[in-house]
Every structure is written in C-alpha cells, then in structure tokens.
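> This is the structure I have questions about; it appears just below.
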Amino acid sequence: LTSRPQSRIFLRHLLGFIKDFGLATVAECVENAEDAALLRAEGIGYLQGRHFGGPTIGRTSLRTAERAMT
C-alpha cells in the first residue's frame, strides 16, 4: 500500500464514499507498521492482519487487539 501511490488515491476516494454513508471501516491484511500508520492516518477505524499477530481465538484476540490499538 505504501509503495503504490495509485492504491492510496483509490483508498482516499473509497473512504470518502464510505464516510458519506456513516459506515465503519475495517482494513484487513495489514502486514507492516508502515501500512498500519498510513491506514490510521486515513481514518480507518479498525485494522487487522499479521502485523498485529497471527490468528488466535477468544480472549487472546481481544487482548492483542486492545494492545495494538493503544
């Protein structure tokens, strides 16, 4: 995402459309800190992907997500 300017342009336009409808946003497949920072800066509400950890279940997932968002 950070290496392709066309992707950022598409993301901004898509987010504008989504925000106009008042919808929540989730970015999947976030693989690195650079992409996570860019997505947060663009206003994505929720992020998930290997950058935050591998697949888990139950309470472990919730704790991991809470730590990643602080």
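Identifiers for the structure tokens are assigned positionally: chains receive A, B, ... in sequence, residues are indexed from 1 per chain, and ligands are indexed from 1 in the order shown.
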Quick one: everything within 9 Å of stretch 24-27 of chain A, counting only C-alpha atoms, minus sequence neighbours fewer than 6 positions away in the same chain. Send it as a list in words.

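Those residues are Leu15, Ile18, Ala36, Leu39, Gly43, Ile44, Gly45, Tyr46, Leu47, Gln48 and Gly49 of chain A.
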
> Where in chain A does DSSP assign strand (DSSP E), given as a PyMOL selection string?

chain A and resi 26-27+46-47

> Since we have the selection now, will you write its residues out, keeping C-alpha atoms, as an mmCIF file, in the first residue's frame?


data_model
loop_
_atom_site.group_PDB
_atom_site.id
_atom_site.type_symbol
_atom_site.label_atom_id
_atom_site.label_comp_id
_atom_site.auth_asym_id
_atom_site.auth_seq_id
_atom_site.Cartn_x
_atom_site.Cartn_y
_atom_site.Cartn_z
ATOM 1 C CA VAL A 26 -12.029 -2.234 8.669
ATOM 2 C CA ALA A 27 -8.711 -2.817 6.908
ATOM 3 C CA TYR A 46 -10.247 -0.952 12.702
ATOM 4 C CA LEU A 47 -7.167 -2.809 11.488
#

> Quick one: of A:Leu14, A:Ile9, A:Leu62, A:Ala68, who's nearest to A:Ala33, counting only C-alpha atoms?

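Closest to A:Ala33 of all the choices is A:Ala68.
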
> Pick out the residues sitting within 10 Å of A:Gly53, and hand them over as a ChimeraX atom specification; count only C-alpha atoms, and ignore anything fewer than 6 positions along from it in its own chain.

/A:31,61,64-65,68

> Expressed in Å to a single decimal, how great is the separation between atom CA of A:Ala37 and atom CA of A:Thr2?

9.7 Å

> Tell me, as a list in words, which residues lie within 9 Å of A:Arg50, counting only C-alpha atoms; anything in the same chain fewer than 4 positions away does not count.

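Here the answer would be Cys29, Val30, Glu31, Asn32, Gly54 and Pro55 of chain A.
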
> From stretch 2-58 of chain A, collect each residue whose DSSP state is alpha helix (DSSP H) and return the set as a PyMOL selection string.

chain A and resi 5-20+33-41+58

> Calculate how many Å separate atom CA of A:Pro5 from atom CA of A:Glu42, rounding to one decimal.

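Value for the atom CA of A:Pro5-atom CA of A:Glu42 distance: 13.7 Å.
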
> Between A:Phe21, A:Met69, A:Asp35, A:Phe52, which one has atoms that come closest to A:Ser7, using only C-alpha atoms?

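Between A:Phe21, A:Met69, A:Asp35, A:Phe52, the residue approaching A:Ser7 most closely is A:Asp35.
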
> Interatomic distance between atom CA of A:Phe10 and atom CA of A:Leu38?

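Those two atoms sit 13.4 Å apart.
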